[in-house]
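Next comes query-v5.txt, with compact mmCIF, C-alpha atoms and all ligand atoms.
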```txt
# COMPACT_ATOMS: atom_id res chain seq x y z
CA MET A 1 101.96 126.24 -93.77
CA ARG A 2 104.52 123.90 -95.36
CA ASN A 3 105.03 120.60 -93.63
CA GLN A 4 108.81 120.31 -93.70
CA LEU A 5 111.61 118.45 -92.06
CA SER A 6 115.25 119.39 -91.90
CA ILE A 7 118.00 116.95 -92.83
CA LEU A 8 121.46 118.26 -91.90
CA ASP A 9 119.96 121.74 -92.13
CA VAL A 10 118.52 121.16 -95.60
CA PRO A 11 114.71 121.55 -95.68
CA VAL A 12 112.62 118.84 -97.33
CA ASP A 13 108.88 119.10 -97.86
CA VAL A 14 106.67 116.27 -96.67
CA ILE A 15 104.75 116.19 -99.92
CA THR A 16 103.41 113.59 -102.35
CA MET A 17 103.79 113.51 -106.12
CA LYS A 18 100.14 114.52 -106.58
CA GLU A 19 100.47 117.47 -104.20
CA THR A 20 103.70 118.61 -105.87
CA VAL A 21 102.10 118.57 -109.32
CA GLN A 22 99.14 120.58 -108.00
CA ARG A 23 101.38 123.08 -106.20
CA VAL A 24 103.41 123.68 -109.37
CA GLN A 25 100.22 124.37 -111.35
CA ASP A 26 99.26 126.96 -108.69
CA LEU A 27 102.69 128.61 -108.80
CA TYR A 28 102.34 129.37 -112.53
CA SER A 29 99.95 132.16 -111.58
CA GLU A 30 101.88 133.52 -108.59
CA PRO A 31 104.35 136.39 -109.07
CA GLY A 32 108.09 135.78 -109.01
CA LEU A 33 110.35 132.91 -110.05
CA HIS A 34 109.53 129.68 -108.26
CA THR A 35 112.17 127.03 -107.81
CA VAL A 36 111.73 123.33 -107.21
CA VAL A 37 114.71 121.35 -105.90
CA THR A 38 114.92 117.56 -105.82
CA VAL A 39 116.71 116.69 -102.60
CA ASN A 40 118.85 113.57 -102.35
CA ALA A 41 121.76 112.42 -100.17
CA GLU A 42 124.43 113.63 -102.58
CA MET A 43 122.90 117.08 -102.74
CA VAL A 44 122.60 117.35 -98.95
CA MET A 45 126.28 116.42 -98.57
CA ARG A 46 127.31 118.93 -101.24
CA ALA A 47 125.35 121.65 -99.49
CA GLN A 48 127.42 121.09 -96.33
CA GLN A 49 130.48 122.36 -98.27
CA ASP A 50 128.82 124.76 -100.68
CA LYS A 51 127.09 127.72 -99.03
CA GLU A 52 125.65 129.06 -102.27
CA LEU A 53 123.95 125.73 -102.97
CA HIS A 54 122.83 125.44 -99.34
CA ASP A 55 121.17 128.88 -99.48
CA ILE A 56 119.44 128.00 -102.75
CA LEU A 57 118.06 124.80 -101.22
CA LYS A 58 116.79 126.73 -98.18
CA GLN A 59 115.05 129.28 -100.39
CA ALA A 60 113.38 126.85 -102.79
CA ASP A 61 109.60 127.05 -103.09
CA ILE A 62 109.32 123.27 -103.11
CA ALA A 63 112.00 120.79 -101.97
CA VAL A 64 110.84 117.30 -102.94
CA PRO A 65 112.16 114.08 -101.36
CA ASP A 66 113.93 112.80 -104.48
CA GLY A 67 116.14 110.07 -103.06
CA ALA A 68 115.65 106.95 -100.95
CA GLY A 69 118.37 108.29 -98.60
CA VAL A 70 116.10 111.21 -97.73
CA LEU A 71 113.26 108.82 -96.79
CA TRP A 72 115.67 106.84 -94.63
CA ALA A 73 116.93 110.01 -92.93
CA ALA A 74 113.36 111.12 -92.25
CA GLU A 75 112.69 107.81 -90.49
CA GLN A 76 115.82 108.31 -88.41
CA LEU A 77 114.35 111.64 -87.32
CA GLY A 78 111.04 109.95 -86.47
CA LYS A 79 109.18 111.57 -89.37
CA HIS A 80 107.14 109.90 -92.04
CA VAL A 81 107.59 110.92 -95.66
CA PRO A 82 104.80 109.25 -97.64
CA GLU A 83 106.71 108.61 -100.86
CA ARG A 84 109.68 109.51 -103.01
CA VAL A 85 109.06 112.29 -105.48
CA ALA A 86 111.88 111.48 -107.92
CA GLY A 87 112.80 114.41 -110.18
CA CYS A 88 112.45 112.33 -113.32
CA ASP A 89 108.95 111.08 -112.39
CA LEU A 90 107.96 114.62 -111.42
CA ALA A 91 109.08 115.98 -114.78
CA VAL A 92 107.08 113.30 -116.60
CA ALA A 93 103.99 114.11 -114.51
CA LEU A 94 104.38 117.87 -115.04
CA LEU A 95 104.74 117.37 -118.78
CA GLY A 96 101.52 115.34 -118.73
CA GLU A 97 99.75 118.35 -117.21
CA ALA A 98 101.55 120.73 -119.58
CA ALA A 99 100.27 118.74 -122.58
CA LYS A 100 96.71 118.90 -121.19
CA HIS A 101 96.77 122.64 -120.47
CA ASN A 102 99.00 123.79 -123.33
CA THR A 103 101.57 125.14 -120.82
CA PRO A 104 104.67 126.62 -122.49
CA VAL A 105 107.81 124.65 -121.54
CA TYR A 106 111.54 125.25 -122.15
CA PHE A 107 114.01 122.35 -122.10
CA LEU A 108 117.63 123.12 -121.24
CA GLY A 109 120.35 120.57 -120.70
CA ALA A 110 122.07 117.27 -121.53
CA ALA A 111 124.22 116.46 -124.57
CA PRO A 112 123.14 117.77 -128.01
CA GLY A 113 120.06 115.95 -129.34
CA VAL A 114 119.10 114.35 -126.01
CA ALA A 115 116.46 116.90 -124.97
CA GLU A 116 114.96 116.75 -128.50
CA GLN A 117 114.58 112.97 -128.15
CA ALA A 118 113.16 113.41 -124.64
CA VAL A 119 110.52 115.79 -126.03
CA LYS A 120 109.63 113.32 -128.81
CA ASN A 121 109.19 110.51 -126.28
CA MET A 122 107.13 112.70 -123.96
CA GLU A 123 104.90 113.80 -126.84
CA ALA A 124 104.39 110.16 -127.85
CA ARG A 125 103.25 109.52 -124.28
CA HIS A 126 101.24 112.64 -123.44
CA GLY A 127 100.29 114.26 -126.76
CA SER A 128 101.75 117.41 -128.19
CA LEU A 129 103.57 119.90 -125.98
CA LYS A 130 103.91 123.65 -126.32
CA VAL A 131 107.70 123.74 -126.55
CA VAL A 132 109.11 127.29 -126.34
CA GLY A 133 112.63 126.09 -126.99
CA ILE A 134 115.18 123.34 -126.54
CA HIS A 135 118.92 123.75 -125.99
CA SER A 136 121.62 121.31 -124.96
CA GLY A 137 123.46 121.90 -121.70
CA PHE A 138 126.60 123.10 -123.46
CA PHE A 139 126.55 126.76 -124.52
CA ASP A 140 128.68 129.91 -124.61
CA GLU A 141 127.70 133.33 -123.27
CA GLN A 142 126.10 134.47 -126.50
CA GLU A 143 123.99 131.34 -126.75
CA GLU A 144 123.10 131.73 -123.09
CA GLN A 145 121.72 135.22 -123.77
CA ARG A 146 119.60 133.78 -126.57
CA ILE A 147 118.34 130.97 -124.31
CA ILE A 148 117.27 133.46 -121.63
CA LYS A 149 115.63 135.76 -124.18
CA THR A 150 113.67 132.87 -125.67
CA ILE A 151 112.51 131.78 -122.21
CA GLU A 152 111.38 135.36 -121.47
CA GLU A 153 109.71 136.10 -124.76
CA GLY A 154 108.03 132.73 -125.26
CA GLY A 155 105.79 133.15 -122.23
CA THR A 156 107.47 130.13 -120.64
CA LYS A 157 105.79 128.77 -117.50
CA LEU A 158 107.94 125.71 -116.86
CA VAL A 159 111.73 125.61 -117.31
CA LEU A 160 113.33 122.18 -117.04
CA VAL A 161 117.08 122.47 -116.46
CA ALA A 162 119.24 119.35 -116.66
CA LEU A 163 122.83 120.52 -116.13
CA GLY A 164 123.67 118.40 -113.07
CA VAL A 165 123.97 119.49 -109.42
CA PRO A 166 124.90 122.21 -108.41
CA LYS A 167 125.29 123.87 -111.80
CA GLN A 168 121.57 123.72 -112.62
CA GLU A 169 120.44 125.15 -109.25
CA LYS A 170 122.98 128.00 -109.48
CA TRP A 171 122.12 128.69 -113.13
CA ILE A 172 118.41 128.95 -112.37
CA THR A 173 118.94 131.32 -109.44
CA SER A 174 121.48 133.54 -111.12
CA LYS A 175 119.92 133.72 -114.60
CA LEU A 176 116.15 133.45 -114.15
CA SER A 177 115.32 135.28 -110.92
CA HIS A 178 113.88 138.27 -112.82
CA LEU A 179 111.05 136.13 -114.27
CA SER A 180 107.54 136.03 -112.88
CA GLY A 181 104.92 133.30 -112.86
CA VAL A 182 107.58 130.81 -113.89
CA VAL A 183 108.59 127.51 -112.27
CA ALA A 184 112.14 126.22 -112.81
CA ILE A 185 113.39 122.77 -111.80
CA GLY A 186 116.87 121.25 -111.79
CA LEU A 187 116.60 117.73 -113.13
CA GLY A 188 120.10 116.21 -113.28
CA GLY A 189 120.24 113.31 -115.68
CA SER A 190 116.47 113.13 -116.28
CA PHE A 191 116.59 114.06 -119.98
CA ASP A 192 118.91 111.08 -120.54
CA VAL A 193 116.27 108.86 -118.93
CA MET A 194 113.33 110.46 -120.83
CA ALA A 195 115.27 110.08 -124.07
CA GLY A 196 115.72 106.37 -123.34
CA ASN A 197 119.52 106.59 -123.18
CA VAL A 198 119.68 105.70 -119.48
CA LYS A 199 117.32 103.18 -117.91
CA ARG A 200 115.67 103.61 -114.53
CA ALA A 201 115.98 100.72 -112.07
CA PRO A 202 113.13 98.19 -112.18
CA GLN A 203 110.16 98.98 -109.90
CA TRP A 204 111.06 96.32 -107.31
CA MET A 205 114.50 97.90 -106.87
CA GLN A 206 113.01 101.39 -106.60
CA LYS A 207 110.50 100.13 -104.00
CA ASN A 208 113.29 98.50 -101.99
CA ARG A 209 115.37 101.68 -102.12
CA LEU A 210 118.00 100.03 -104.29
CA GLU A 211 117.98 102.41 -107.24
CA TRP A 212 121.48 103.59 -106.24
CA LEU A 213 122.76 100.01 -106.61
CA TYR A 214 121.28 99.70 -110.09
CA ARG A 215 122.87 102.99 -111.14
CA LEU A 216 126.20 101.91 -109.70
CA ALA A 217 126.08 98.58 -111.55
CA ASN A 218 125.30 100.35 -114.84
CA GLN A 219 127.57 103.35 -114.37
CA PRO A 220 130.47 102.14 -112.18
CA GLN A 221 132.25 105.45 -112.82
CA ARG A 222 129.75 106.94 -110.35
CA ILE A 223 131.42 105.19 -107.41
CA GLY A 224 133.18 108.39 -106.24
CA ARG A 225 129.92 110.33 -106.21
CA MET A 226 128.09 107.46 -104.55
CA MET A 227 130.42 107.56 -101.58
CA ALA A 228 128.27 110.52 -100.54
CA LEU A 229 125.57 108.04 -99.48
CA PRO A 230 127.44 106.27 -96.62
CA LYS A 231 128.89 109.65 -95.58
CA PHE A 232 125.34 111.04 -95.51
CA MET A 233 124.08 108.10 -93.40
CA TRP A 234 126.95 108.55 -90.99
CA ALA A 235 126.32 112.30 -90.69
CA VAL A 236 122.58 111.79 -90.11
CA LYS A 237 123.26 109.20 -87.38
CA LYS A 238 125.78 111.52 -85.77
CA ALA A 239 123.41 114.49 -85.89
CA LYS A 240 120.70 112.33 -84.28
CA LYS A 241 122.96 111.65 -81.29
N1 LIG A 301 125.24 118.38 -118.29
C1 LIG A 301 124.99 119.46 -119.09
N2 LIG A 301 125.88 120.49 -119.11
C2 LIG A 301 127.00 120.50 -118.34
C3 LIG A 301 127.25 119.39 -117.50
C4 LIG A 301 126.33 118.33 -117.49
O1 LIG A 301 123.98 119.49 -119.79
O2 LIG A 301 127.76 121.46 -118.40
C5 LIG A 301 124.25 117.29 -118.27
C6 LIG A 301 124.77 115.91 -118.60
O3 LIG A 301 124.84 115.74 -120.00
C7 LIG A 301 123.71 115.04 -117.94
C8 LIG A 301 123.27 115.87 -116.75
O4 LIG A 301 123.73 117.19 -116.98
O5 LIG A 301 122.62 114.88 -118.82
C9 LIG A 301 123.82 115.41 -115.40
O6 LIG A 301 123.49 114.11 -115.19
P1 LIG A 301 123.83 113.31 -113.86
O7 LIG A 301 123.51 111.89 -114.13
O8 LIG A 301 125.18 113.67 -113.36
O9 LIG A 301 122.78 113.94 -112.85
P2 LIG A 301 122.08 113.36 -111.56
O10 LIG A 301 120.74 112.90 -112.02
O11 LIG A 301 122.94 112.29 -110.98
O12 LIG A 301 121.99 114.59 -110.68
```
Encoding of this model in structure tokens:
Amino acid sequence: MRNQLSILDVPVDVITMKETVQRVQDLYSEPGLHTVVTVNAEMVMRAQQDKELHDILKQADIAVPDGAGVLWAAEQLGKHVPERVAGCDLAVALLGEAAKHNTPVYFLGAAPGVAEQAVKNMEARHGSLKVVGIHSGFFDEQEEQRIIKTIEEGGTKLVLVALGVPKQEKWITSKLSHLSGVVAIGLGGSFDVMAGNVKRAPQWMQKNRLEWLYRLANQPQRIGRMMALPKFMWAVKKAKK
């Protein structure tokens, strides 16, 4: 039985990083496509307006607590979530396992060249990876067909998709649902971080749930998107009443 909580009708698993990594390894040998979603405040607010995204989140095999807002909301509901399982950290951990077990991985997303650099950095960290293919997040229909064919024919087990929310979640569900024994994860801007183009907040800020502030200071153009956070807090408080 999954230990889950529901935040504004979006399910979130009460799960640690270690448990998530183990569960993903198990899913590689279970039939069907398995999806992992990384739930944060912005995504929960989007799902309130976007039924397709909301349904995808409800049907995910694993919904990890990606953002500090989710941990805060859990506390408001009187539940304890042991730790954040940030998408970027999860991807790094899964690639560590993939390097160990020679698991075939496909990388899709980000600007041209970014995923290639991310792979190089990950290989420097974990040793060589079995890379089935790499493609930027900008492609036409013909290229898309080739991407899907490569994923199918390369025996891919793990598909990392960094196209941003909700594009990546919808792409995975609409294009990969015929696959079996495959895990696909939407990772937002994680390839930019793995490639070293975008820096994560320092540990003390992450621990104090201030990663959002760091991102805002470094990418002030995100202010519009970040307004989702106070709206989310307001909605959670209201739902609690
Ligand atoms: N992106 C993409 N294709 C698109 C739109 C976006 O590959 O059509 C990429 C973009 O280059 C970036 C990522 O998707 O690497 C989205 O990053 P963002 O920081 O918005 O994601 P977050 O982590 O905030 O969800």
(Q) Just want the 9 Å neighbourhood of Val182 (chain A), counted on all atoms listed in the file, with same-chain residues fewer than 3 positions away dropped. Output as a list in words. (A) Leu27, Tyr28, Ser29, Glu30, Pro31, Gly32, Leu33, His34, Thr35, Gly155, Thr156, Lys157, Leu158, Val159, Leu176 and Leu179 of chain A
C-alpha atoms of the current selection, written as an mmCIF file, keeping the file's coordinate frame:
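The resulting file, selection.cif, is reproduced below:
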```cif
data_model
loop_
_atom_site.group_PDB
_atom_site.id
_atom_site.type_symbol
_atom_site.label_atom_id
_atom_site.label_comp_id
_atom_site.auth_asym_id
_atom_site.auth_seq_id
_atom_site.Cartn_x
_atom_site.Cartn_y
_atom_site.Cartn_z
ATOM 1 C CA LEU A 27 102.690 128.610 -108.800
ATOM 2 C CA TYR A 28 102.340 129.370 -112.530
ATOM 3 C CA SER A 29 99.950 132.160 -111.580
ATOM 4 C CA GLU A 30 101.880 133.520 -108.590
ATOM 5 C CA PRO A 31 104.350 136.390 -109.070
ATOM 6 C CA GLY A 32 108.090 135.780 -109.010
ATOM 7 C CA LEU A 33 110.350 132.910 -110.050
ATOM 8 C CA HIS A 34 109.530 129.680 -108.260
ATOM 9 C CA THR A 35 112.170 127.030 -107.810
ATOM 10 C CA GLY A 155 105.790 133.150 -122.230
ATOM 11 C CA THR A 156 107.470 130.130 -120.640
ATOM 12 C CA LYS A 157 105.790 128.770 -117.500
ATOM 13 C CA LEU A 158 107.940 125.710 -116.860
ATOM 14 C CA VAL A 159 111.730 125.610 -117.310
ATOM 15 C CA LEU A 176 116.150 133.450 -114.150
ATOM 16 C CA LEU A 179 111.050 136.130 -114.270
#
```
Q) Got a sec: who's within 12 Å of Leu95 (chain A), counting only C-alpha atoms, leaving out chain neighbours fewer than 3 positions off, as an NGL selection string? A) :A and (21 or 24-25 or 88-92 or 98-107 or 118-131 or 157-160 or 194)
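One finds CA of Gln76 (chain A) at 25.2 Å from CA of Val165 (chain A).
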Q: Go through A:Ser190, A:Asn208, A:Asn197, A:Gln219 and flag the residue nearest ligand LIG 301 (chain A), using only C-alpha atoms and all ligand atoms for the distances.
A: A:Ser190
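Relative to CA of Thr38 (chain A), CA of Val114 (chain A) is found at 20.9 Å.
Considering only C-alpha atoms and all ligand atoms, every residue of the polymer chains approaching ligand LIG 301 (chain A) to 8 Å or closer is listed here: Leu108, Gly109, Ala110, Ala111, Ser136, Gly137, Phe138, Ala162, Leu163, Gly164, Val165, Lys167, Leu187, Gly188, Gly189, Ser190, Phe191 and Asp192 of chain A.
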The centre and edge lengths of an axis-aligned box containing all atoms of region 174-181 of chain A present in the file, extended by 3 Å on each side, are to be given in Å to one decimal, as AutoDock Vina command-line options.
```
--center_x 113.2 --center_y 135.8 --center_z -112.8 --size_x 22.6 --size_y 11.0 --size_z 9.7
```
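Look at region 70-73 of chain A: the protein and nucleic acid residues within 9 Å of it, using only C-alpha atoms and passing over chain neighbours fewer than 5 places away, are Ile7, Val12, Val39, Asn40, Ala41, Pro65, Gly78, Lys79, His80, Val81, Pro82, Glu83, Arg84, Phe232, Met233, Val236 and Lys237 of chain A.
Checking A:Gly67, A:His178, A:Lys231, A:Leu5 one by one against Lys207 (chain A), counting all atoms listed in the file, you find the shortest gap at A:Gly67.
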**Q.** Residue nearest Ile62 (chain A) - candidates A:Gln48, A:Thr150, A:Asn3, A:Gln168, atoms counted: all atoms listed in the file
**A.** A:Asn3
Q: For Lys51 (chain A), work out the shell of residues within 12 Å, counting all atoms listed in the file and skipping chain neighbours fewer than 5 positions away, then give it as a PyMOL selection string.
A: chain A and resi 9-10+44-46+56-58+166+170
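Reported to one decimal place, the separation of CA of Ser6 (chain A) from CA of His54 (chain A) is 12.2 Å.
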**Q.** Distance criterion (all atoms listed in the file): nearest to Glu42 (chain A) out of A:Phe139, A:Arg146, A:Asp26, A:Ala68
**A.** A:Ala68
